[in-house]
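Undergrad: I'm passing along final-v4.txt; it holds compact mmCIF, C-alpha atoms and all ligand atoms.
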```
# COMPACT_ATOMS: atom_id res chain seq x y z
CA MET A 1 6.69 4.07 -17.43
CA GLY A 2 4.17 3.35 -14.68
CA GLU A 3 2.73 -0.08 -14.36
CA SER A 4 -0.91 -0.79 -14.44
CA PRO A 5 -1.82 -4.22 -13.09
CA PRO A 6 -4.87 -5.75 -14.78
CA SER A 7 -6.79 -5.85 -11.51
CA GLU A 8 -7.02 -2.06 -11.40
CA GLN A 9 -10.32 -0.34 -11.57
CA GLN A 10 -11.06 2.00 -14.39
CA GLY A 11 -12.85 5.23 -13.47
CA ARG A 12 -16.19 4.26 -12.10
CA SER A 13 -17.60 7.47 -10.70
CA GLY A 14 -18.79 9.81 -13.40
CA GLY A 15 -17.83 9.64 -17.04
CA GLU A 16 -18.59 5.94 -17.00
CA LEU A 17 -19.38 5.93 -20.67
CA THR A 18 -16.01 7.39 -21.65
CA ALA A 19 -14.21 4.92 -19.40
CA VAL A 20 -16.24 2.06 -20.79
CA ILE A 21 -15.52 3.00 -24.39
CA GLY A 22 -11.80 3.29 -23.72
CA VAL A 23 -11.72 0.05 -21.82
CA VAL A 24 -13.72 -1.88 -24.37
CA ALA A 25 -11.38 -0.71 -27.10
CA VAL A 26 -8.50 -2.33 -25.25
CA LEU A 27 -10.00 -5.42 -23.72
CA ALA A 28 -13.35 -5.88 -25.36
CA THR A 29 -14.45 -9.24 -24.05
CA VAL A 30 -12.84 -9.31 -20.64
CA MET A 31 -14.09 -5.91 -19.66
CA LEU A 32 -17.74 -6.42 -20.51
CA GLY A 33 -18.49 -7.43 -16.94
CA ILE A 34 -16.63 -4.35 -15.63
CA ALA A 35 -18.60 -2.16 -17.99
CA VAL A 36 -21.81 -3.38 -16.38
CA ALA A 37 -20.27 -2.83 -12.96
CA ALA A 38 -19.16 0.65 -14.02
CA TYR A 39 -22.69 1.49 -15.02
CA TYR A 40 -24.23 0.38 -11.74
CA GLY A 41 -21.28 1.59 -9.67
CA GLY A 42 -21.86 5.09 -10.97
CA GLN A 43 -25.42 5.29 -9.71
CA ASP A 44 -25.31 6.98 -6.35
CA SER A 45 -28.84 5.94 -5.56
CA VAL A 46 -28.10 2.24 -5.79
CA SER A 47 -27.94 0.73 -2.33
CA PRO A 48 -24.60 -0.72 -1.22
CA THR A 49 -26.12 -4.18 -1.12
CA THR A 50 -26.54 -4.26 -4.89
CA VAL A 51 -23.58 -2.22 -6.11
CA THR A 52 -21.02 -4.29 -7.93
CA SER A 53 -17.40 -3.66 -8.65
CA GLY A 54 -14.48 -5.38 -10.25
CA GLY A 55 -12.59 -6.61 -7.18
CA ALA A 56 -9.70 -8.71 -8.46
CA GLY A 57 -10.61 -8.26 -12.09
CA GLY A 58 -14.01 -9.94 -12.02
CA THR A 59 -17.39 -8.67 -10.97
CA THR A 60 -18.50 -9.39 -7.47
CA ASN A 61 -21.72 -8.77 -5.65
CA HIS A 62 -21.03 -6.80 -2.51
CA ALA A 63 -23.11 -7.61 0.51
CA ALA A 64 -23.63 -4.86 3.09
CA VAL A 65 -20.40 -4.60 5.05
CA ASP A 66 -19.94 -3.86 8.73
CA PRO A 67 -18.49 -0.32 8.97
CA GLN A 68 -15.44 -1.46 10.96
CA VAL A 69 -14.71 -4.21 8.43
CA ALA A 70 -15.12 -1.71 5.59
CA ALA A 71 -12.73 0.70 7.33
CA GLY A 72 -10.26 -2.16 7.68
CA ALA A 73 -10.51 -3.02 3.98
CA HIS A 74 -9.70 0.59 3.09
CA ALA A 75 -6.85 0.72 5.61
CA PHE A 76 -5.47 -2.51 4.14
CA VAL A 77 -5.18 -0.68 0.82
CA ASP A 78 -4.16 2.75 2.14
CA PHE A 79 -1.28 1.39 4.25
CA ALA A 80 -0.15 -0.79 1.34
CA CYS A 81 -0.70 -4.06 3.21
CA ALA A 82 -2.21 -5.20 -0.11
CA GLN A 83 0.95 -4.25 -1.99
CA CYS A 84 3.04 -6.70 0.04
CA HIS A 85 0.46 -9.32 1.04
CA GLY A 86 -1.52 -9.24 -2.20
CA ASP A 87 -5.00 -8.10 -3.07
CA ARG A 88 -7.24 -8.99 -0.08
CA GLY A 89 -4.33 -10.83 1.50
CA GLU A 90 -4.15 -13.46 -1.23
CA GLY A 91 -0.34 -13.40 -1.38
CA GLY A 92 1.66 -14.02 -4.54
CA VAL A 93 3.67 -10.77 -4.47
CA ASP A 94 6.99 -11.96 -3.03
CA PRO A 95 8.04 -15.36 -1.65
CA HIS A 96 9.08 -13.72 1.64
CA VAL A 97 5.68 -12.15 2.28
CA PRO A 98 3.02 -14.61 3.46
CA ALA A 99 -0.53 -14.76 2.15
CA LEU A 100 -2.74 -13.66 5.04
CA GLN A 101 -6.04 -15.30 4.09
CA PRO A 102 -4.96 -18.78 5.25
CA ILE A 103 -3.11 -17.43 8.32
CA ALA A 104 -5.52 -14.92 9.86
CA PRO A 105 -8.13 -17.48 11.00
CA ASN A 106 -5.44 -19.23 13.07
CA LEU A 107 -4.23 -16.11 14.87
CA THR A 108 -6.05 -14.45 17.76
CA VAL A 109 -7.14 -10.83 17.70
CA ALA A 110 -4.38 -10.11 20.23
CA GLN A 111 -1.73 -11.78 18.05
CA LEU A 112 -2.81 -9.96 14.90
CA THR A 113 -2.89 -6.65 16.77
CA SER A 114 0.58 -7.23 18.17
CA ILE A 115 2.11 -8.16 14.79
CA ILE A 116 0.74 -5.02 13.15
CA GLN A 117 1.90 -2.79 15.98
CA HIS A 118 5.36 -4.31 16.46
CA GLY A 119 6.23 -5.77 13.07
CA ALA A 120 7.80 -9.16 12.44
CA GLY A 121 10.90 -10.60 10.84
CA VAL A 122 12.89 -7.38 11.28
CA VAL A 123 16.58 -8.18 11.14
CA ASP A 124 19.60 -5.93 11.48
CA ASN A 125 20.55 -5.93 7.83
CA PRO A 126 17.43 -6.87 5.94
CA LYS A 127 18.02 -8.66 2.67
CA GLN A 128 14.36 -9.40 2.23
CA PRO A 129 11.01 -7.74 3.00
CA TYR A 130 9.94 -7.78 6.64
CA MET A 131 6.73 -6.76 8.36
CA PRO A 132 7.07 -3.04 9.19
CA VAL A 133 6.40 -1.61 12.65
CA TRP A 134 3.12 0.31 12.44
CA GLY A 135 2.44 1.17 16.08
CA GLU A 136 3.37 4.84 15.74
CA VAL A 137 1.83 5.28 12.32
CA ILE A 138 -1.53 3.50 12.50
CA SER A 139 -3.98 4.33 15.30
CA LYS A 140 -5.42 1.73 17.66
CA GLN A 141 -8.80 2.23 16.04
CA GLN A 142 -7.34 1.63 12.57
CA VAL A 143 -5.47 -1.46 13.76
CA ALA A 144 -8.72 -2.79 15.27
CA ALA A 145 -10.41 -2.20 11.90
CA LEU A 146 -7.61 -4.04 10.07
CA VAL A 147 -7.96 -6.97 12.44
CA ALA A 148 -11.76 -7.00 12.06
CA TYR A 149 -11.33 -7.06 8.27
CA MET A 150 -8.88 -9.96 8.44
CA LYS A 151 -11.09 -11.87 10.90
CA ALA A 152 -14.09 -11.30 8.60
CA GLY A 153 -12.22 -13.22 5.89
CA PHE A 154 -11.00 -10.31 3.72
CA PRO A 155 -14.37 -9.57 2.05
CA SER A 156 -14.40 -7.60 -1.18
CA VAL A 157 -15.32 -4.01 -0.28
CA GLN A 158 -16.38 -1.48 -2.87
CA TYR A 159 -13.70 1.10 -3.80
CA ALA A 160 -11.13 -0.46 -1.47
CA THR A 161 -8.70 -0.71 -4.37
CA PRO A 162 -5.17 0.70 -4.72
CA LYS A 163 -4.67 3.97 -6.55
CA PRO A 164 -4.17 3.31 -10.29
CA VAL A 165 -0.80 4.20 -11.81
CA PRO A 166 -1.14 6.11 -15.10
CA ALA A 167 0.94 4.65 -17.92
CA ASN A 168 2.57 6.86 -20.55
CA GLN A 169 2.21 10.13 -18.61
CA GLY A 170 5.82 10.32 -17.58
CA ASP A 171 7.90 8.89 -14.75
CA ALA A 172 7.07 11.60 -12.22
CA VAL A 173 3.31 11.16 -12.66
CA ALA A 174 3.66 7.41 -12.24
CA GLY A 175 5.93 7.99 -9.23
CA ALA A 176 3.38 10.28 -7.57
CA ALA A 177 0.74 7.57 -7.90
CA LEU A 178 3.14 4.95 -6.57
CA TYR A 179 3.97 7.20 -3.61
CA SER A 180 0.36 6.85 -2.57
CA ARG A 181 -0.25 3.30 -3.82
CA TYR A 182 2.68 1.95 -1.78
CA GLY A 183 1.82 4.01 1.28
CA CYS A 184 5.01 6.10 1.32
CA VAL A 185 2.74 9.08 2.02
CA ASN A 186 1.66 7.64 5.38
CA CYS A 187 5.20 7.75 6.73
CA HIS A 188 6.89 10.54 4.76
CA GLY A 189 3.90 12.85 4.54
CA PRO A 190 2.24 14.60 1.61
CA ASN A 191 4.80 16.08 -0.79
CA GLY A 192 7.51 14.27 1.19
CA LEU A 193 7.28 16.92 3.89
CA GLY A 194 7.95 14.49 6.72
CA GLY A 195 6.95 15.26 10.29
CA VAL A 196 5.36 11.89 11.07
CA PRO A 197 6.29 10.99 14.68
CA ASN A 198 8.78 8.20 15.35
CA PRO A 199 9.30 8.86 19.08
CA GLN A 200 11.89 6.15 19.78
CA SER A 201 14.16 7.13 16.87
CA PRO A 202 17.11 9.50 17.28
CA ASP A 203 15.37 12.25 15.29
CA GLY A 204 11.94 11.66 16.80
CA THR A 205 10.34 11.79 13.36
CA ILE A 206 10.32 9.90 10.09
CA PRO A 207 12.55 11.93 7.74
CA PRO A 208 11.21 14.15 4.95
CA LEU A 209 11.99 13.30 1.32
CA SER A 210 12.40 16.96 0.47
CA GLY A 211 14.36 19.92 1.72
CA SER A 212 18.08 20.68 1.70
CA ASP A 213 19.19 18.10 4.31
CA PHE A 214 17.60 15.32 2.29
CA ARG A 215 19.01 16.64 -1.00
CA THR A 216 22.52 16.90 0.47
CA GLU A 217 22.54 13.39 1.90
CA PHE A 218 20.77 11.74 -1.02
CA ASP A 219 22.45 13.56 -3.89
CA THR A 220 22.30 10.76 -6.47
CA PRO A 221 19.44 8.58 -7.74
CA ALA A 222 21.52 5.52 -6.83
CA LYS A 223 21.61 6.49 -3.15
CA ILE A 224 17.84 6.96 -3.06
CA ALA A 225 17.24 3.69 -4.94
CA ASP A 226 19.49 1.90 -2.48
CA VAL A 227 17.54 2.88 0.62
CA ILE A 228 14.19 2.18 -1.06
CA ARG A 229 15.35 -1.31 -2.05
CA SER A 230 17.01 -2.32 1.18
CA GLY A 231 15.10 -0.39 3.81
CA SER A 232 16.81 0.73 6.96
CA VAL A 233 16.51 -0.89 10.31
CA ILE A 234 17.30 1.69 12.93
CA GLY A 235 16.20 -0.43 15.84
CA ARG A 236 13.62 -2.85 16.96
CA ALA A 237 9.98 -2.23 17.70
CA PRO A 238 8.64 0.25 18.65
CA ILE A 239 10.94 2.15 16.28
CA VAL A 240 9.42 2.64 12.85
CA SER A 241 11.89 1.55 10.16
CA MET A 242 12.04 2.11 6.45
CA PRO A 243 10.49 -1.02 4.92
CA HIS A 244 12.50 -3.18 2.53
CA TRP A 245 10.88 -2.77 -0.89
CA GLY A 246 13.30 -4.90 -2.95
CA GLY A 247 11.27 -7.70 -4.54
CA ILE A 248 8.07 -5.68 -4.02
CA LEU A 249 8.84 -2.65 -6.20
CA SER A 250 10.37 -3.20 -9.64
CA PRO A 251 13.44 -1.20 -10.74
CA THR A 252 11.14 0.77 -13.04
CA GLN A 253 8.80 1.64 -10.19
CA ILE A 254 11.74 2.73 -8.02
CA ALA A 255 12.98 4.96 -10.87
CA ASP A 256 9.47 6.45 -11.14
CA LEU A 257 9.41 7.16 -7.40
CA ILE A 258 12.79 8.89 -7.62
CA ALA A 259 11.58 10.98 -10.55
CA TYR A 260 8.64 12.07 -8.40
CA ILE A 261 10.82 12.75 -5.33
CA ASP A 262 13.00 14.92 -7.60
CA THR A 263 10.03 17.18 -8.24
CA LEU A 264 9.49 17.90 -4.53
CA LYS A 265 10.57 21.12 -2.87
C1 LIG B 301 6.91 -4.07 2.97
C2 LIG B 301 6.05 -5.24 2.92
C3 LIG B 301 4.95 -5.39 3.95
C4 LIG B 301 3.94 -4.49 4.22
C5 LIG B 301 3.72 -3.11 3.63
C6 LIG B 301 3.09 -5.13 5.18
N1 LIG B 301 3.58 -6.36 5.50
FE1 LIG B 301 2.74 -7.69 6.82
N2 LIG B 301 4.36 -8.89 6.63
C7 LIG B 301 5.40 -8.71 5.74
C8 LIG B 301 6.33 -9.82 5.88
C9 LIG B 301 7.63 -10.00 5.12
C10 LIG B 301 5.81 -10.66 6.90
C11 LIG B 301 6.45 -11.95 7.45
C12 LIG B 301 7.33 -11.55 8.61
C13 LIG B 301 8.02 -12.71 9.25
O1 LIG B 301 7.42 -13.37 10.09
O2 LIG B 301 9.15 -12.97 8.88
C14 LIG B 301 4.57 -10.05 7.33
C15 LIG B 301 3.75 -10.59 8.31
C16 LIG B 301 2.46 -10.16 8.60
C17 LIG B 301 1.53 -10.83 9.47
C18 LIG B 301 1.81 -12.11 10.24
C19 LIG B 301 1.66 -13.30 9.32
C20 LIG B 301 2.20 -14.56 9.99
O3 LIG B 301 2.77 -15.38 9.27
O4 LIG B 301 2.04 -14.73 11.20
C21 LIG B 301 0.38 -10.08 9.47
C22 LIG B 301 -0.90 -10.38 10.25
C23 LIG B 301 0.61 -8.94 8.61
N3 LIG B 301 1.88 -9.02 8.09
C24 LIG B 301 -0.33 -7.96 8.37
C25 LIG B 301 -0.04 -6.76 7.66
C26 LIG B 301 -0.91 -5.62 7.63
C27 LIG B 301 -2.28 -5.53 8.27
C28 LIG B 301 -0.25 -4.67 6.91
C29 LIG B 301 -0.68 -3.22 6.62
C30 LIG B 301 -0.90 -2.41 7.80
C31 LIG B 301 1.01 -5.23 6.48
N4 LIG B 301 1.10 -6.50 6.96
C32 LIG B 301 1.93 -4.57 5.69
C33 LIG B 301 5.54 -7.67 4.84
C34 LIG B 301 4.72 -6.55 4.78
C1 LIG B 302 6.42 2.49 7.88
C2 LIG B 302 6.90 3.81 7.54
C3 LIG B 302 7.57 4.00 6.21
C4 LIG B 302 7.08 3.75 4.95
C5 LIG B 302 5.73 3.14 4.58
C6 LIG B 302 8.06 4.23 4.01
N1 LIG B 302 9.14 4.73 4.66
FE1 LIG B 302 10.80 5.53 3.82
N2 LIG B 302 11.66 5.73 5.66
C7 LIG B 302 11.04 5.45 6.86
C8 LIG B 302 11.97 5.71 7.95
C9 LIG B 302 11.69 5.53 9.44
C10 LIG B 302 13.16 6.18 7.36
C11 LIG B 302 14.46 6.58 8.06
C12 LIG B 302 15.38 5.41 8.14
C13 LIG B 302 16.66 5.74 8.85
O1 LIG B 302 16.82 6.85 9.35
O2 LIG B 302 17.53 4.86 8.90
C14 LIG B 302 12.91 6.19 5.92
C15 LIG B 302 13.84 6.61 4.97
C16 LIG B 302 13.59 6.77 3.62
C17 LIG B 302 14.49 7.36 2.67
C18 LIG B 302 15.87 7.93 3.02
C19 LIG B 302 15.67 9.30 3.62
C20 LIG B 302 16.46 9.52 4.89
O3 LIG B 302 16.65 10.70 5.24
O4 LIG B 302 16.86 8.55 5.54
C21 LIG B 302 13.87 7.34 1.44
C22 LIG B 302 14.42 7.87 0.12
C23 LIG B 302 12.58 6.73 1.63
N3 LIG B 302 12.44 6.39 2.96
C24 LIG B 302 11.67 6.53 0.62
C25 LIG B 302 10.45 5.85 0.80
C26 LIG B 302 9.57 5.48 -0.28
C27 LIG B 302 9.78 5.83 -1.74
C28 LIG B 302 8.52 4.80 0.28
C29 LIG B 302 7.34 4.12 -0.41
C30 LIG B 302 7.70 3.13 -1.41
C31 LIG B 302 8.76 4.75 1.72
N4 LIG B 302 9.94 5.38 1.99
C32 LIG B 302 7.90 4.17 2.64
C33 LIG B 302 9.75 4.99 7.04
C34 LIG B 302 8.88 4.60 6.02
```
Go ahead and render the structure in this file as structure tokens.
TA:
Amino acid sequence: MGESPPSEQQGRSGGELTAVIGVVAVLATVMLGIAVAAYYGGQDSVSPTTVTSGGAGGTTNHAAVDPQVAAGAHAFVDFACAQCHGDRGEGGVDPHVPALQPIAPNLTVAQLTSIIQHGAGVVDNPKQPYMPVWGEVISKQQVAALVAYMKAGFPSVQYATPKPVPANQGDAVAGAALYSRYGCVNCHGPNGLGGVPNPQSPDGTIPPLSGSDFRTEFDTPAKIADVIRSGSVIGRAPIVSMPHWGGILSPTQIADLIAYIDTLK
């Protein structure tokens, strides 16, 4: 029951031919450009200046990218900024989450850095998505890379695309992909093991999504769905809070995540 937005990349590295055949069978005309990109993208020897990839569904020529900007593009995907603010900050995900492309040029490096570290729009009982506090989760170097990427105008960077969500492989498989695609893993750890520091919070860490304490407190799918939808503000910056995912994640995606969490230790 996973969802697979059309902008997703099909396997580009290795097995291009298989991927191309499968893709063409589904979307013959549209995917022709991607097929060409898949062919060139699979050649390791091709220099980064000529490699092409699908970006937001089309084919784009990638110019050589400054390493810090490239790191920022990958961080923008890995920390799920793209899942709230849209692919390359284009917006269009949720009316409460601004597009960043038109905003970033008007903000200083210091302002952008501060918003990422301290969050924005956090209210006591969030009924809508807010900008999470990242200061304890994302390093200064990574924040600087994110800011450099935004200041560079959100260029398309090869392979900086969210993890695809397999359809028709079961809820738990889709949920595992979503756990990474939506950046849950950055805060709750691999396999929901927890342990990520949250120094100003009562527990000092972001809670695990596994283990007996979690299972006792969150003993029904409804309780888990509730906290995923609404988030949980346990204080203001610099405390890391559970983001509000209602409006960002569909009910189906939340059910997939719960199915995955159910499989954890
Ligand atoms: C859970 C959804 C969500 C995620 C994930 C998220 N943001 Fe945000 N972000 C928001 C919302 C909502 C706002 C608007 C907050 C407000 O001012 O009310 C915002 C605001 C911002 C702003 C300020 C825009 C302005 O209008 O001044 C920047 C810059 C920003 N986010 C960057 C990022 C970056 C970089 C990441 C990844 C590290 C990220 N966001 C991840 C929801 C999100
Ligand atoms: C920015 C860090 C961050 C991200 C990203 C994040 N969470 Fe959380 N999450 C938290 C924090 C902090 C809490 C604890 C809130 C509290 O104690 O009130 C929490 C609590 C939870 C809980 C309740 C567990 C408990 O013991 O309180 C669940 C379930 C959960 N998150 C699921 C998810 C899922 C699923 C995702 C991805 C869609 C996700 N979280 C992404 C920080 C995060």
Undergrad: How close does stretch 61-110 of chain A get to stretch 184-187 of chain A? List, as JSON lines, each residue of stretch 61-110 of chain A within 12 Å, its nearest atom pair and the distance in Å to one decimal, counting only C-alpha atoms.
TA:
```
{"residue": "A:Ala75", "atom": "CA", "partner": "A:Asn186", "partner_atom": "CA", "distance": 11.0}
{"residue": "A:Val77", "atom": "CA", "partner": "A:Asn186", "partner_atom": "CA", "distance": 11.7}
{"residue": "A:Asp78", "atom": "CA", "partner": "A:Asn186", "partner_atom": "CA", "distance": 8.3}
{"residue": "A:Phe79", "atom": "CA", "partner": "A:Asn186", "partner_atom": "CA", "distance": 7.0}
{"residue": "A:Ala80", "atom": "CA", "partner": "A:Cys184", "partner_atom": "CA", "distance": 8.6}
{"residue": "A:Cys81", "atom": "CA", "partner": "A:Cys184", "partner_atom": "CA", "distance": 11.8}
{"residue": "A:Gln83", "atom": "CA", "partner": "A:Cys184", "partner_atom": "CA", "distance": 11.6}
```
Undergrad: Could you state the separation of atom CA of A:Ala172 and atom CA of A:Asp256 in Å, given to one decimal place?
TA: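 One can read the atom CA of A:Ala172 to atom CA of A:Asp256 distance as 5.8 Å.
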Undergrad: Show me which residues are within 7 Å of ligand LIG 301 (chain B) counting all atoms listed in the file, and format the list as a VMD selection string.
TA: chain A and resid 76 79 to 81 83 to 85 96 to 98 100 103 to 104 112 115 to 116 120 to 121 129 to 132 134 146 243 to 245
Undergrad: Choose the residue, out of A:Ala160, A:Val65, A:Val93, A:Val133, that has the smallest atom-to-atom separation from ligand LIG 302 (chain B); count all atoms listed in the file.
TA: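 Between A:Ala160, A:Val65, A:Val93, A:Val133, the residue approaching ligand LIG 302 (chain B) most closely is A:Val133.
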Undergrad: For atom C21 of ligand LIG 302 (chain B) and atom CA of A:Val165, quote the distance in Å rounded to one decimal.
TA: 20.0 Å
Undergrad: Near A:Gly211, counting only C-alpha atoms, which residues have an atom at most 9 Å away, once you skip same-chain residues fewer than 2 positions from it, shown as a list in words?
TA: Gly192, Leu193, Pro208, Leu209, Asp213, Phe214, Arg215, Thr216, Leu264 and Lys265 of chain A
Undergrad: Got a sec: who's within 12 Å of A:Gly246, counting all atoms listed in the file, leaving out chain neighbours fewer than 5 positions off, as a VMD selection string?
TA: chain A and resid 84 93 to 97 126 to 130 225 to 232 251 to 254
Undergrad: Could you pull the residues within 10 Å of stretch 203-206 of chain A, counting all atoms listed in the file, minus those fewer than 2 positions along the same chain, as a list in words?
TA: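 Once the nearby chain positions are removed, what remains is Val137, Cys187, His188, Gly189, Leu193, Gly194, Gly195, Val196, Pro197, Asn198, Pro199, Gln200, Ser201, Pro208, Leu209, Ile239, Val240, Ser241 and Met242 of chain A.
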Undergrad: Any idea what the distance is between atom CA of A:Phe218 and atom C19 of ligand LIG 302 (chain B)?
TA: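 About the pair atom CA of A:Phe218 and atom C19 of ligand LIG 302 (chain B): they are 7.3 Å apart.
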Undergrad: Enclose the full set of atoms of stretch 201-205 of chain A listed in the file within a box whose edges lie along x, y and z, apply 8 Å of padding to each of the six sides, and report centre and edge lengths in Å to one decimal as lines of an AutoDock Vina configuration file.
TA:
```
center_x = 13.7
center_y = 9.7
center_z = 15.3
size_x = 22.8
size_y = 21.1
size_z = 19.9
```
Undergrad: Determine, counting all atoms listed in the file, which protein, DNA and RNA residues have an atom within 8 Å of an atom of A:Leu257; residues of the same chain fewer than 3 positions away are not included. Present the result as a list in words.
TA: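 Listed by chain and then number, they are Asp171, Ala172, Ala174, Gly175, Ala176, Leu178, Tyr179, Gln253, Ile254, Tyr260 and Ile261 of chain A.
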Undergrad: Using all atoms listed in the file, pick whichever of A:Gln117, A:Gln111, A:Asn168, A:Gln142 has the shortest atom-to-atom distance to ligand LIG 302 (chain B).
TA: A:Gln117
Undergrad: Looking at all atoms listed in the file, which of A:Ala255, A:Ala152, A:Ala71, A:Ile224 is the one that sits closest to ligand LIG 302 (chain B)?
TA: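 Residue with the minimum atom-to-atom distance to ligand LIG 302 (chain B): A:Ile224.
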Undergrad: Using only C-alpha atoms and all ligand atoms, find the one residue out of A:Met150, A:Ile138, A:Ala64, A:Ala144 that sits nearest to ligand LIG 302 (chain B).
TA: A:Ile138
Undergrad: Got a sec: who's within 8 Å of A:Arg88, counting only C-alpha atoms, leaving out chain neighbours fewer than 5 positions off, as an mmCIF file with C-alpha atoms, in the frame of the given file?
TA:
```cif
data_model
loop_
_atom_site.group_PDB
_atom_site.id
_atom_site.type_symbol
_atom_site.label_atom_id
_atom_site.label_comp_id
_atom_site.auth_asym_id
_atom_site.auth_seq_id
_atom_site.Cartn_x
_atom_site.Cartn_y
_atom_site.Cartn_z
ATOM 1 C CA ALA A 73 -10.510 -3.020 3.980
ATOM 2 C CA PHE A 76 -5.470 -2.510 4.140
ATOM 3 C CA ALA A 82 -2.210 -5.200 -0.110
ATOM 4 C CA GLN A 101 -6.040 -15.300 4.090
ATOM 5 C CA PHE A 154 -11.000 -10.310 3.720
ATOM 6 C CA PRO A 155 -14.370 -9.570 2.050
ATOM 7 C CA SER A 156 -14.400 -7.600 -1.180
#
```
Undergrad: Output: stretch 88-105 of chain A of the preceding structure, restricted to N, CA and C atoms, written as a PDB file, in the first residue's frame.
TA:
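What ended up in out.pdb:
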```pdb
ATOM      1  N   ARG A  88      13.254  20.004  -3.989  1.00  0.00           N
ATOM      2  CA  ARG A  88      14.099  21.199  -4.183  1.00  0.00           C
ATOM      3  C   ARG A  88      13.405  22.479  -3.692  1.00  0.00           C
ATOM      4  N   GLY A  89      12.638  22.344  -2.609  1.00  0.00           N
ATOM      5  CA  GLY A  89      12.044  23.519  -1.987  1.00  0.00           C
ATOM      6  C   GLY A  89      10.975  24.209  -2.808  1.00  0.00           C
ATOM      7  N   GLU A  90      10.357  23.453  -3.724  1.00  0.00           N
ATOM      8  CA  GLU A  90       9.351  24.059  -4.606  1.00  0.00           C
ATOM      9  C   GLU A  90       7.972  24.221  -3.959  1.00  0.00           C
ATOM     10  N   GLY A  91       7.787  23.656  -2.771  1.00  0.00           N
ATOM     11  CA  GLY A  91       6.501  23.790  -2.089  1.00  0.00           C
ATOM     12  C   GLY A  91       5.450  22.862  -2.667  1.00  0.00           C
ATOM     13  N   GLY A  92       4.176  23.140  -2.357  1.00  0.00           N
ATOM     14  CA  GLY A  92       3.078  22.376  -2.917  1.00  0.00           C
ATOM     15  C   GLY A  92       2.695  21.134  -2.133  1.00  0.00           C
ATOM     16  N   VAL A  93       3.306  20.913  -0.960  1.00  0.00           N
ATOM     17  CA  VAL A  93       2.991  19.712  -0.178  1.00  0.00           C
ATOM     18  C   VAL A  93       1.811  19.971   0.747  1.00  0.00           C
ATOM     19  N   ASP A  94       1.867  21.076   1.477  1.00  0.00           N
ATOM     20  CA  ASP A  94       0.839  21.391   2.463  1.00  0.00           C
ATOM     21  C   ASP A  94       0.758  22.921   2.542  1.00  0.00           C
ATOM     22  N   PRO A  95      -0.475  23.456   2.637  1.00  0.00           N
ATOM     23  CA  PRO A  95      -0.610  24.922   2.641  1.00  0.00           C
ATOM     24  C   PRO A  95       0.119  25.604   3.798  1.00  0.00           C
ATOM     25  N   HIS A  96       0.409  24.850   4.873  1.00  0.00           N
ATOM     26  CA  HIS A  96       1.081  25.473   6.020  1.00  0.00           C
ATOM     27  C   HIS A  96       2.597  25.454   5.903  1.00  0.00           C
ATOM     28  N   VAL A  97       3.110  24.769   4.898  1.00  0.00           N
ATOM     29  CA  VAL A  97       4.566  24.683   4.746  1.00  0.00           C
ATOM     30  C   VAL A  97       4.992  25.515   3.537  1.00  0.00           C
ATOM     31  N   PRO A  98       5.788  26.568   3.775  1.00  0.00           N
ATOM     32  CA  PRO A  98       6.129  27.463   2.659  1.00  0.00           C
ATOM     33  C   PRO A  98       7.082  26.830   1.650  1.00  0.00           C
ATOM     34  N   ALA A  99       6.953  27.253   0.386  1.00  0.00           N
ATOM     35  CA  ALA A  99       7.973  26.950  -0.617  1.00  0.00           C
ATOM     36  C   ALA A  99       9.213  27.744  -0.233  1.00  0.00           C
ATOM     37  N   LEU A 100      10.383  27.127  -0.343  1.00  0.00           N
ATOM     38  CA  LEU A 100      11.601  27.814   0.100  1.00  0.00           C
ATOM     39  C   LEU A 100      12.316  28.531  -1.046  1.00  0.00           C
ATOM     40  N   GLN A 101      12.095  28.088  -2.270  1.00  0.00           N
ATOM     41  CA  GLN A 101      12.824  28.715  -3.392  1.00  0.00           C
ATOM     42  C   GLN A 101      12.617  30.225  -3.449  1.00  0.00           C
ATOM     43  N   PRO A 102      11.378  30.723  -3.299  1.00  0.00           N
ATOM     44  CA  PRO A 102      11.210  32.177  -3.362  1.00  0.00           C
ATOM     45  C   PRO A 102      11.658  32.898  -2.091  1.00  0.00           C
ATOM     46  N   ILE A 103      11.780  32.158  -0.974  1.00  0.00           N
ATOM     47  CA  ILE A 103      12.065  32.806   0.317  1.00  0.00           C
ATOM     48  C   ILE A 103      13.562  32.903   0.587  1.00  0.00           C
ATOM     49  N   ALA A 104      14.286  31.829   0.257  1.00  0.00           N
ATOM     50  CA  ALA A 104      15.704  31.746   0.639  1.00  0.00           C
ATOM     51  C   ALA A 104      16.551  32.937   0.170  1.00  0.00           C
ATOM     52  N   PRO A 105      16.320  33.457  -1.054  1.00  0.00           N
ATOM     53  CA  PRO A 105      17.161  34.584  -1.477  1.00  0.00           C
ATOM     54  C   PRO A 105      17.001  35.815  -0.584  1.00  0.00           C
TER      55      PRO A 105
END
```
